[in-house]
>>> print(open('run_0.txt').read())   # compact mmCIF, C-alpha atoms and all ligand atoms
# COMPACT_ATOMS: atom_id res chain seq x y z
CA MET J 243 -83.14 13.04 11.22
CA ILE J 244 -82.62 13.85 7.54
CA CYS J 245 -79.93 16.42 6.81
CA TYR J 246 -81.18 18.65 4.00
CA LYS J 247 -78.46 20.58 2.20
CA GLN J 248 -78.80 23.77 0.20
CA GLU J 249 -76.13 22.61 -2.27
CA HIS J 250 -78.39 19.66 -3.12
CA LEU J 251 -81.33 22.00 -3.73
CA ILE J 252 -79.24 24.23 -6.00
CA LYS J 253 -78.12 21.22 -8.06
CA MET J 254 -81.67 19.87 -8.32
CA VAL J 255 -83.01 23.22 -9.54
CA GLU J 256 -80.23 23.34 -12.17
CA GLU J 257 -81.12 19.86 -13.37
CA ALA J 258 -84.89 20.37 -13.40
CA LYS J 259 -84.70 23.81 -15.03
CA VAL J 260 -83.68 22.23 -18.34
CA LEU J 261 -87.19 20.78 -18.58
CA THR J 262 -88.91 24.15 -18.30
CA LYS J 263 -88.18 24.69 -22.00
CA LYS J 264 -90.57 21.84 -22.80
CA GLY J 265 -93.51 23.29 -20.85
CA LYS J 266 -96.00 26.09 -21.50
CA VAL J 267 -97.45 28.68 -19.15
CA ALA J 268 -101.26 28.60 -18.68
CA LYS J 269 -102.93 31.14 -20.92
CA TYR J 270 -106.63 30.45 -20.39
CA ILE J 271 -106.43 32.90 -17.49
CA PRO J 272 -104.85 35.75 -19.48
CA ALA J 273 -102.88 37.28 -16.56
CA LEU J 274 -101.09 33.95 -15.92
CA GLY J 275 -99.78 34.02 -19.50
CA GLU J 276 -97.36 36.77 -18.54
CA ALA J 277 -95.22 34.52 -16.29
CA ASP J 278 -91.62 33.77 -17.29
CA PRO J 279 -91.56 30.04 -18.20
CA SER J 280 -87.89 29.62 -17.27
CA THR J 281 -88.55 30.46 -13.60
CA LEU J 282 -88.01 27.65 -11.10
CA ALA J 283 -87.76 27.83 -7.32
CA VAL J 284 -88.02 25.50 -4.36
CA ALA J 285 -88.17 25.99 -0.60
CA ILE J 286 -88.27 23.39 2.13
CA TYR J 287 -89.27 23.92 5.73
CA THR J 288 -88.57 21.57 8.61
CA GLY J 289 -89.94 23.67 11.46
CA GLU J 290 -86.69 25.56 12.07
CA GLN J 291 -86.54 29.34 12.03
CA ASP J 292 -86.03 29.70 8.27
CA CYS J 293 -86.63 27.81 5.07
CA MET J 294 -83.87 26.39 2.90
CA TYR J 295 -84.29 27.38 -0.72
CA ALA J 296 -82.87 27.58 -4.22
CA GLY J 297 -83.82 29.28 -7.50
CA ASN J 298 -85.93 32.40 -8.10
CA ILE J 299 -87.18 32.50 -4.54
CA ASP J 300 -88.39 36.13 -4.54
CA GLU J 301 -91.02 35.44 -7.17
CA VAL J 302 -94.57 35.52 -5.87
CA PHE J 303 -97.29 33.53 -7.59
CA THR J 304 -101.00 32.87 -7.15
CA LEU J 305 -102.14 29.64 -5.52
CA GLN J 306 -104.81 28.72 -8.08
CA SER J 307 -105.85 25.13 -7.32
CA ILE J 308 -103.55 24.88 -4.31
CA SER J 309 -106.17 27.05 -2.58
CA LYS J 310 -108.59 24.11 -2.93
CA VAL J 311 -106.74 22.31 -0.13
CA LEU J 312 -107.18 25.30 2.14
CA THR J 313 -110.83 26.03 1.40
CA LEU J 314 -111.55 22.33 1.92
CA ALA J 315 -109.85 22.44 5.33
CA LEU J 316 -111.84 25.54 6.28
CA ALA J 317 -115.16 24.12 5.05
CA LEU J 318 -114.55 20.92 7.04
CA MET J 319 -113.80 23.02 10.11
CA ASP J 320 -116.89 25.18 9.47
CA ARG J 321 -119.42 22.50 8.60
CA GLY J 322 -118.06 19.09 9.59
CA SER J 323 -117.35 16.19 7.26
CA ASP J 324 -120.94 14.84 6.99
CA TYR J 325 -122.20 18.12 5.55
CA VAL J 326 -119.24 18.52 3.17
CA PHE J 327 -119.33 14.97 1.82
CA GLN J 328 -123.07 15.03 1.25
CA ARG J 329 -122.31 17.59 -1.45
CA VAL J 330 -118.94 16.48 -2.80
CA GLY J 331 -117.45 13.03 -3.28
CA MET J 332 -114.14 11.41 -2.33
CA GLU J 333 -113.16 9.67 -5.55
CA PRO J 334 -110.30 10.53 -7.92
CA THR J 335 -111.04 11.17 -11.57
CA GLY J 336 -109.21 10.45 -14.79
CA ASP J 337 -110.79 13.57 -16.35
CA PRO J 338 -109.19 17.02 -16.63
CA PHE J 339 -109.67 19.37 -13.65
CA ASN J 340 -112.30 21.53 -15.36
CA SER J 341 -114.37 18.72 -16.90
CA ILE J 342 -118.17 18.85 -16.67
CA SER J 343 -118.86 15.36 -18.01
CA LYS J 344 -119.01 13.42 -14.72
CA LEU J 345 -121.54 15.87 -13.29
CA GLU J 346 -123.93 14.65 -15.92
CA THR J 347 -123.18 10.94 -15.71
CA SER J 348 -122.77 10.45 -11.92
CA ILE J 349 -125.87 9.65 -9.89
CA PRO J 350 -126.50 11.54 -7.66
CA SER J 351 -125.02 14.43 -9.62
CA LYS J 352 -122.32 15.68 -7.28
CA PRO J 353 -118.68 16.54 -8.02
CA LEU J 354 -116.36 13.55 -7.70
CA ASN J 355 -113.91 15.24 -5.31
CA PRO J 356 -113.00 18.66 -3.85
CA MET J 357 -109.75 19.00 -5.86
CA ILE J 358 -111.41 19.40 -9.26
CA ASN J 359 -113.01 22.73 -10.17
CA ALA J 360 -116.62 21.57 -9.70
CA GLY J 361 -115.82 20.18 -6.24
CA ALA J 362 -113.87 23.24 -5.19
CA LEU J 363 -116.66 25.56 -6.31
CA ALA J 364 -119.13 23.52 -4.22
CA VAL J 365 -116.73 23.72 -1.25
CA THR J 366 -116.32 27.50 -1.67
CA ASP J 367 -120.11 27.76 -1.48
CA MET J 368 -120.01 26.09 1.96
CA LEU J 369 -117.69 28.61 3.61
CA VAL J 370 -119.26 30.43 6.55
CA GLY J 371 -119.49 34.25 6.62
CA ASN J 372 -122.15 36.95 6.43
CA THR J 373 -120.81 38.60 3.32
CA LEU J 374 -118.48 37.72 0.50
CA LYS J 375 -115.91 40.04 2.07
CA ASP J 376 -116.18 38.21 5.43
CA LYS J 377 -115.69 34.85 3.73
CA LEU J 378 -112.62 36.01 1.81
CA GLU J 379 -111.17 37.59 4.95
CA ARG J 380 -111.65 34.29 6.80
CA VAL J 381 -109.79 32.38 4.07
CA LEU J 382 -107.00 34.98 4.11
CA ASN J 383 -106.70 34.96 7.90
CA PHE J 384 -106.55 31.17 7.91
CA ILE J 385 -103.71 31.23 5.37
CA ARG J 386 -101.93 34.04 7.28
CA LYS J 387 -102.03 31.82 10.38
CA LEU J 388 -100.76 28.75 8.50
CA THR J 389 -97.85 30.61 6.89
CA GLY J 390 -97.10 32.92 9.81
CA ASN J 391 -97.15 35.76 7.25
CA LYS J 392 -99.60 38.56 8.13
CA ASN J 393 -99.15 40.21 4.73
CA ILE J 394 -100.67 37.45 2.62
CA SER J 395 -103.31 38.84 0.27
CA TYR J 396 -104.73 38.21 -3.19
CA ASN J 397 -103.65 39.60 -6.55
CA PRO J 398 -106.59 41.68 -7.84
CA VAL J 399 -105.33 41.70 -11.45
CA VAL J 400 -105.18 37.89 -11.66
CA ALA J 401 -108.54 37.55 -9.86
CA GLN J 402 -110.20 39.97 -12.29
CA SER J 403 -108.58 38.29 -15.29
CA GLU J 404 -110.02 34.93 -14.22
CA PHE J 405 -113.41 36.43 -13.27
CA GLU J 406 -113.78 37.85 -16.78
CA THR J 407 -112.97 34.54 -18.47
CA ALA J 408 -114.43 31.91 -16.10
CA ASP J 409 -117.36 30.79 -18.23
CA LEU J 410 -116.52 27.12 -17.91
CA ASN J 411 -116.54 27.43 -14.12
CA ARG J 412 -119.82 29.37 -14.36
CA SER J 413 -121.27 26.46 -16.36
CA LEU J 414 -120.24 24.00 -13.64
CA CYS J 415 -121.97 26.21 -11.07
CA TYR J 416 -125.23 26.49 -13.02
CA PHE J 417 -125.25 22.74 -13.48
CA MET J 418 -124.68 22.15 -9.76
CA ARG J 419 -127.28 24.71 -8.70
CA GLN J 420 -129.89 22.94 -10.82
CA HIS J 421 -129.03 19.73 -8.90
CA GLY J 422 -129.14 21.38 -5.46
CA ILE J 423 -125.41 21.06 -4.74
CA ILE J 424 -124.89 24.79 -4.44
CA GLU J 425 -127.28 27.53 -3.41
CA SER J 426 -125.60 30.90 -3.86
CA ASN J 427 -125.71 33.65 -6.39
CA ILE J 428 -123.29 32.38 -9.00
CA GLU J 429 -121.55 35.65 -9.83
CA GLN J 430 -120.79 36.12 -6.12
CA LEU J 431 -119.52 32.57 -5.82
CA ILE J 432 -117.24 32.99 -8.86
CA ASP J 433 -116.02 36.27 -7.37
CA LEU J 434 -115.03 34.57 -4.09
CA TYR J 435 -113.54 31.55 -5.88
CA THR J 436 -111.40 33.61 -8.29
CA LYS J 437 -110.16 35.74 -5.40
CA HIS J 438 -109.10 32.76 -3.29
CA CYS J 439 -107.43 31.22 -6.35
CA ALA J 440 -105.52 34.50 -6.73
CA ILE J 441 -104.07 34.46 -3.19
CA GLU J 442 -100.40 35.19 -3.62
CA MET J 443 -97.23 34.06 -1.86
CA ASN J 444 -93.65 32.90 -2.45
CA CYS J 445 -92.17 29.41 -2.07
CA ASN J 446 -91.10 30.01 1.53
CA ASP J 447 -94.70 30.73 2.57
CA LEU J 448 -95.90 27.71 0.64
CA ALA J 449 -93.34 25.43 2.30
CA LYS J 450 -94.42 26.64 5.75
CA LEU J 451 -98.03 25.92 4.89
CA GLY J 452 -97.05 22.46 3.68
CA TYR J 453 -95.23 21.81 6.93
CA VAL J 454 -98.37 22.46 9.02
CA ILE J 455 -100.50 20.11 6.91
CA GLY J 456 -97.84 17.39 7.14
CA ASN J 457 -97.44 17.98 10.87
CA GLU J 458 -101.05 16.97 11.60
CA GLY J 459 -102.21 20.59 11.59
CA ARG J 460 -99.69 21.91 14.11
CA GLY J 461 -97.29 24.80 13.41
CA PRO J 462 -93.63 24.61 14.48
CA ASN J 463 -94.14 26.29 17.88
CA ALA J 464 -97.81 25.80 18.44
CA ASN J 465 -99.08 23.36 21.00
CA GLU J 466 -102.58 23.73 19.62
CA ASN J 467 -103.59 22.58 16.18
CA ILE J 468 -104.24 25.28 13.57
CA ILE J 469 -106.05 22.57 11.62
CA PRO J 470 -107.72 19.77 13.62
CA LEU J 471 -105.90 16.44 13.27
CA GLU J 472 -108.81 14.75 11.47
CA VAL J 473 -109.15 17.60 8.96
CA ALA J 474 -105.40 17.55 8.26
CA ARG J 475 -105.68 13.81 7.68
CA ILE J 476 -108.53 14.24 5.18
CA VAL J 477 -106.86 17.00 3.14
CA LYS J 478 -103.53 15.11 3.06
CA THR J 479 -105.35 12.06 1.74
CA PHE J 480 -106.97 14.10 -1.05
CA MET J 481 -103.52 15.48 -1.90
CA VAL J 482 -102.36 11.89 -2.45
CA THR J 483 -105.37 10.64 -4.41
CA CYS J 484 -106.33 13.78 -6.39
CA GLY J 485 -103.68 16.47 -5.82
CA MET J 486 -101.90 16.27 -9.17
CA TYR J 487 -105.07 16.09 -11.30
CA ASN J 488 -105.29 13.08 -13.58
CA ALA J 489 -101.56 12.46 -13.10
CA SER J 490 -101.98 11.62 -9.39
CA GLY J 491 -101.41 7.87 -9.84
CA GLU J 492 -98.14 8.21 -11.72
CA PHE J 493 -97.02 10.90 -9.27
CA ALA J 494 -97.74 8.61 -6.30
CA ILE J 495 -95.44 6.00 -7.83
CA ASN J 496 -92.64 8.32 -8.93
CA VAL J 497 -92.68 10.77 -6.02
CA GLY J 498 -95.02 9.60 -3.25
CA ILE J 499 -95.29 12.93 -1.43
CA PRO J 500 -98.80 14.28 -0.65
CA SER J 501 -98.91 17.30 -2.99
CA LYS J 502 -101.23 19.76 -4.68
CA SER J 503 -100.50 21.70 -7.81
CA GLY J 504 -102.03 24.77 -9.42
CA VAL J 505 -102.03 26.09 -12.98
CA SER J 506 -99.90 29.06 -11.91
CA GLY J 507 -97.08 26.48 -11.61
CA GLY J 508 -97.07 26.22 -7.83
CA ILE J 509 -96.83 22.87 -6.05
CA LEU J 510 -97.42 22.37 -2.34
CA GLY J 511 -95.83 19.28 -0.74
CA SER J 512 -96.40 17.89 2.75
CA VAL J 513 -94.22 15.05 3.96
CA PRO J 514 -95.92 13.68 7.08
CA HIS J 515 -94.01 14.69 10.24
CA GLY J 516 -91.15 15.90 8.14
CA VAL J 517 -90.87 18.67 5.70
CA GLY J 518 -93.08 21.21 3.92
CA ILE J 519 -92.21 21.90 0.30
CA GLY J 520 -93.04 24.95 -1.82
CA ILE J 521 -92.28 24.94 -5.54
CA TYR J 522 -92.87 27.47 -8.29
CA GLY J 523 -92.27 26.84 -11.97
CA PRO J 524 -94.93 28.25 -14.33
CA ALA J 525 -94.02 26.11 -17.37
CA LEU J 526 -96.65 23.34 -17.29
CA ASP J 527 -96.92 19.89 -18.85
CA ASP J 528 -99.98 18.78 -20.82
CA LYS J 529 -101.91 17.87 -17.63
CA GLY J 530 -101.36 21.31 -16.10
CA ASN J 531 -98.62 20.40 -13.60
CA SER J 532 -95.35 22.37 -13.34
CA ILE J 533 -92.95 20.41 -15.53
CA GLY J 534 -89.80 21.53 -13.71
CA GLY J 535 -91.61 21.24 -10.38
CA LEU J 536 -92.49 17.61 -11.01
CA ARG J 537 -88.86 16.78 -11.76
CA LEU J 538 -87.72 18.67 -8.68
CA LEU J 539 -90.08 16.66 -6.48
CA GLU J 540 -88.88 13.45 -8.05
CA LEU J 541 -85.27 14.41 -7.31
CA LEU J 542 -86.08 15.52 -3.76
CA SER J 543 -88.02 12.34 -3.04
CA LYS J 544 -85.17 10.12 -4.26
CA GLN J 545 -82.37 12.10 -2.62
CA TYR J 546 -84.02 12.17 0.81
CA ASN J 547 -86.21 9.10 0.60
CA LEU J 548 -89.42 11.06 1.13
CA SER J 549 -92.01 8.77 -0.47
CA ILE J 550 -94.70 7.78 2.03
CA PHE J 551 -95.19 4.45 0.27
O1 LIG J 601 -110.52 27.44 -11.78
C1 LIG J 601 -109.50 27.47 -12.43
O2 LIG J 601 -109.46 27.03 -13.59
C2 LIG J 601 -108.24 28.03 -11.79
N1 LIG J 601 -108.54 29.09 -10.91
C3 LIG J 601 -107.50 26.96 -11.02
C4 LIG J 601 -107.22 25.73 -11.83
C5 LIG J 601 -106.07 24.95 -11.35
O3 LIG J 601 -105.11 25.45 -10.81
C6 LIG J 601 -106.10 23.50 -11.64
N2 LIG J 601 -107.17 22.83 -10.97
N3 LIG J 601 -107.31 21.83 -10.37
>>> encode(input="run_0.txt", output="C-alpha cells", more="lines below")
Ligand code: DON
Amino acid sequence: MICYKQEHLIKMVEEAKVLTKKGKVAKYIPALGEADPSTLAVAIYTGEQDCMYAGNIDEVFTLQSISKVLTLALALMDRGSDYVFQRVGMEPTGDPFNSISKLETSIPSKPLNPMINAGALAVTDMLVGNTLKDKLERVLNFIRKLTGNKNISYNPVVAQSEFETADLNRSLCYFMRQHGIIESNIEQLIDLYTKHCAIEMNCNDLAKLGYVIGNEGRGPNANENIIPLEVARIVKTFMVTCGMYNASGEFAINVGIPSKSGVSGGILGSVPHGVGIGIYGPALDDKGNSIGGLRLLELLSKQYNLSIF
C-alpha cells in the first residue's frame, strides 16, 4: 500500500507552480480567458473518507474536454459499443483536438476517436433522452453519482460564451451530418455539448471521479458498478491513447497514468486500482494541456511509482 503524504503534495505544487508563468490561459472561449494563470491545485483520492490535497483547492473549474470521457461512458452504456464504434473510431491522432482535416481524408468519413471534438460531438449526439433537458440531466446525474456530490451543475456563463463562439465545432457537425454520422439539429447538439463541457467542480470531485474509473467503475463503498467493467476499461484505454491530445505519446512515456485534460486547465487521472487524481491549473502549454498540471503528474508518478507501464 502506497503511503501518500500531504507534505509531498505541497512541495510538488510549489515546484510545478513555477512553470505556470510559461503557460497561457485558453482565450478562444472568452469566459475561460478570465482564469488566473498562477492557480494550481491537486487532489488525490484513494477511496478513504476524504481527499488529500494541496494548492488552490477551493477553485471550481469547468470540465471542458474531460467531459468527453463521461459522455463516452454514458453513450456506451446507452447504446453499446457496436453502435458507438460504427460512428466513431478508436485511433489516436497527431492533429489538434479541433481539427477538421481527417474528417475529409478518412474513408469512411468518421471521427478518429471520441476524445477529439468531432468524436465527442458525435458521441453527444448518441445520448439517450426525450429532450435536450433530459439528456443534460442524465449527464449531470451520472456525474453526481460518480463524484458523490449532489450539487454538481454547469456554469451557464461559460456554456453561453462557448455557444456564441463555437463555429469551428458547428463546422465539424455540419460535415458529419452530411456524412450520416450525426442526425440531430445542430444548434441543439451544440447547446448540449457546450453545457456538458461547462459542468463545474473542484479538484476533490475530479479526484473522486478518477478513482471510480480506475477502480473498474466501482465507487469506494459500492458493491455494484456505477460504470460497467467493460465500459470503464474502454474509457481508460482512450485516456491512455488519446487523453492528452497530440501529446499523449510523450505523456505515456513521462507519466504513464491514464489521464484526460481539458482546455480549462483541468486534468483527470485514474491509476488502476489505486488513486484518482484531480488537477487544476489554467495556464496551458502550446498543445492545450495544463503546463503546471503536466509537471505535477510527472512528479506524482515518479514519487509514487504510478506509471502503468
Ligand atoms: O469544444 C471545445 O473546444 C471545448 N469545449 C473543449 C476543448 C478541450 O477541452 C480540448 N479538447 N479535446
>>> closest_atom_pairs(input="run_0.txt", of="chain J", to="ligand LIG 601 (chain J)", cutoff="10 Å", atoms="all atoms listed in the file", output="Markdown table")
| residue | atom | partner | partner_atom | distance |
| --- | --- | --- | --- | --- |
| J:Ala268 | CA | J:LIG601 | O3 | 9.3 |
| J:Tyr270 | CA | J:LIG601 | O2 | 8.1 |
| J:Ile271 | CA | J:LIG601 | O2 | 7.7 |
| J:Thr304 | CA | J:LIG601 | N1 | 9.2 |
| J:Leu305 | CA | J:LIG601 | O3 | 7.4 |
| J:Gln306 | CA | J:LIG601 | O3 | 4.3 |
| J:Ser307 | CA | J:LIG601 | O3 | 3.6 |
| J:Ile308 | CA | J:LIG601 | O3 | 6.7 |
| J:Ser309 | CA | J:LIG601 | O3 | 8.5 |
| J:Lys310 | CA | J:LIG601 | N3 | 7.9 |
| J:Pro338 | CA | J:LIG601 | N3 | 8.1 |
| J:Phe339 | CA | J:LIG601 | N3 | 4.7 |
| J:Asn340 | CA | J:LIG601 | O2 | 6.4 |
| J:Pro356 | CA | J:LIG601 | N3 | 9.2 |
| J:Met357 | CA | J:LIG601 | N3 | 5.9 |
| J:Ile358 | CA | J:LIG601 | N3 | 4.9 |
| J:Asn359 | CA | J:LIG601 | O1 | 5.6 |
| J:Ala360 | CA | J:LIG601 | O1 | 8.7 |
| J:Gly361 | CA | J:LIG601 | N3 | 9.6 |
| J:Ala362 | CA | J:LIG601 | N3 | 8.5 |
| J:Leu363 | CA | J:LIG601 | O1 | 8.4 |
| J:Val400 | CA | J:LIG601 | N1 | 9.4 |
| J:Ala401 | CA | J:LIG601 | N1 | 8.5 |
| J:Glu404 | CA | J:LIG601 | N1 | 6.9 |
| J:Phe405 | CA | J:LIG601 | N1 | 9.1 |
| J:Thr407 | CA | J:LIG601 | O2 | 9.6 |
| J:Ala408 | CA | J:LIG601 | O1 | 7.3 |
| J:Asp409 | CA | J:LIG601 | O2 | 9.9 |
| J:Leu410 | CA | J:LIG601 | O2 | 8.3 |
| J:Asn411 | CA | J:LIG601 | O1 | 6.5 |
| J:Arg412 | CA | J:LIG601 | O1 | 9.8 |
| J:Ile432 | CA | J:LIG601 | O1 | 9.2 |
| J:Tyr435 | CA | J:LIG601 | N1 | 7.5 |
| J:Thr436 | CA | J:LIG601 | N1 | 6.0 |
| J:Lys437 | CA | J:LIG601 | N1 | 8.8 |
| J:His438 | CA | J:LIG601 | N1 | 8.5 |
| J:Cys439 | CA | J:LIG601 | N1 | 5.2 |
| J:Ala440 | CA | J:LIG601 | N1 | 7.5 |
| J:Cys484 | CA | J:LIG601 | N3 | 9.0 |
| J:Gly485 | CA | J:LIG601 | N3 | 7.9 |
| J:Met486 | CA | J:LIG601 | N3 | 7.8 |
| J:Tyr487 | CA | J:LIG601 | N3 | 6.2 |
| J:Asn488 | CA | J:LIG601 | N3 | 9.5 |
| J:Lys502 | CA | J:LIG601 | N3 | 8.6 |
| J:Ser503 | CA | J:LIG601 | O3 | 6.7 |
| J:Gly504 | CA | J:LIG601 | O3 | 3.4 |
| J:Val505 | CA | J:LIG601 | O3 | 3.8 |
| J:Ser506 | CA | J:LIG601 | O3 | 6.4 |
| J:Gly507 | CA | J:LIG601 | O3 | 8.1 |
| J:Gly508 | CA | J:LIG601 | O3 | 8.6 |
| J:Ile509 | CA | J:LIG601 | O3 | 9.9 |
| J:Lys529 | CA | J:LIG601 | C6 | 9.2 |
| J:Gly530 | CA | J:LIG601 | C6 | 6.9 |
| J:Asn531 | CA | J:LIG601 | C6 | 8.3 |
>>> closest_residue(input="run_0.txt", among="J:Ala489, J:Ile455, J:Leu548, J:Ala494", to="Arg475 in chain J", atoms="only C-alpha atoms")
J:Ile455
>>> closest_atom_pairs(input="run_0.txt", of="range 395-449 of chain J", to="range 277-297 of chain J", cutoff="12 Å", atoms="all atoms listed in the file", output="JSON lines")
{"residue": "J:Val400", "atom": "CA", "partner": "J:Ala277", "partner_atom": "CA", "distance": 11.5}
{"residue": "J:Asn444", "atom": "CA", "partner": "J:Ala285", "partner_atom": "CA", "distance": 9.0}
{"residue": "J:Cys445", "atom": "CA", "partner": "J:Ala285", "partner_atom": "CA", "distance": 5.5}
{"residue": "J:Asn446", "atom": "CA", "partner": "J:Ala285", "partner_atom": "CA", "distance": 5.4}
{"residue": "J:Asp447", "atom": "CA", "partner": "J:Ala285", "partner_atom": "CA", "distance": 8.7}
{"residue": "J:Leu448", "atom": "CA", "partner": "J:Ala285", "partner_atom": "CA", "distance": 8.0}
{"residue": "J:Ala449", "atom": "CA", "partner": "J:Ile286", "partner_atom": "CA", "distance": 5.5}
>>> atom_distance(input="run_0.txt", atom1="CA of Met368 in chain J", atom2="CA of Ser532 in chain J")
29.3 Å
>>> residues_near_point(input="run_0.txt", point="(-112.8, 21.5, 5.2)", cutoff="12 Å", atoms="all atoms listed in the file", output="count of residues only")
44
>>> closest_residue(input="run_0.txt", among="J:Ile499, J:Tyr416, J:Glu492, J:Asp527", to="Ser549 in chain J", atoms="all atoms listed in the file")
J:Ile499
>>> residues_around(input="run_0.txt", residues="Gln545 in chain J", least_positions_apart="5", cutoff="12 Å", atoms="all atoms listed in the file", output="list in words")
Ile244, Cys245, Tyr246, Lys247, His250, Leu251, Lys253, Met254, Val497, Leu538, Leu539 and Glu540 of chain J
>>> write_last_selection(input="run_0.txt", atoms="C-alpha atoms", output="mmCIF file, in the coordinates of the input")
data_model
loop_
_atom_site.group_PDB
_atom_site.id
_atom_site.type_symbol
_atom_site.label_atom_id
_atom_site.label_comp_id
_atom_site.auth_asym_id
_atom_site.auth_seq_id
_atom_site.Cartn_x
_atom_site.Cartn_y
_atom_site.Cartn_z
ATOM 1 C CA ILE J 244 -82.620 13.850 7.540
ATOM 2 C CA CYS J 245 -79.930 16.420 6.810
ATOM 3 C CA TYR J 246 -81.180 18.650 4.000
ATOM 4 C CA LYS J 247 -78.460 20.580 2.200
ATOM 5 C CA HIS J 250 -78.390 19.660 -3.120
ATOM 6 C CA LEU J 251 -81.330 22.000 -3.730
ATOM 7 C CA LYS J 253 -78.120 21.220 -8.060
ATOM 8 C CA MET J 254 -81.670 19.870 -8.320
ATOM 9 C CA VAL J 497 -92.680 10.770 -6.020
ATOM 10 C CA LEU J 538 -87.720 18.670 -8.680
ATOM 11 C CA LEU J 539 -90.080 16.660 -6.480
ATOM 12 C CA GLU J 540 -88.880 13.450 -8.050
#
>>> atom_distance(input="run_0.txt", atom1="CA of Thr347 in chain J", atom2="CA of Gly422 in chain J")
15.8 Å
>>> atom_distance(input="run_0.txt", atom1="CA of Lys263 in chain J", atom2="CA of Glu301 in chain J")
18.5 Å
>>> closest_residue(input="run_0.txt", among="J:Asn393, J:Pro350, J:Gly535, J:Gly491", to="Val255 in chain J", atoms="only C-alpha atoms")
J:Gly535
>>> closest_residue(input="run_0.txt", among="J:Ile521, J:Ala273, J:Met481, J:Ile299", to="Gly534 in chain J", atoms="all atoms listed in the file")
J:Ile521
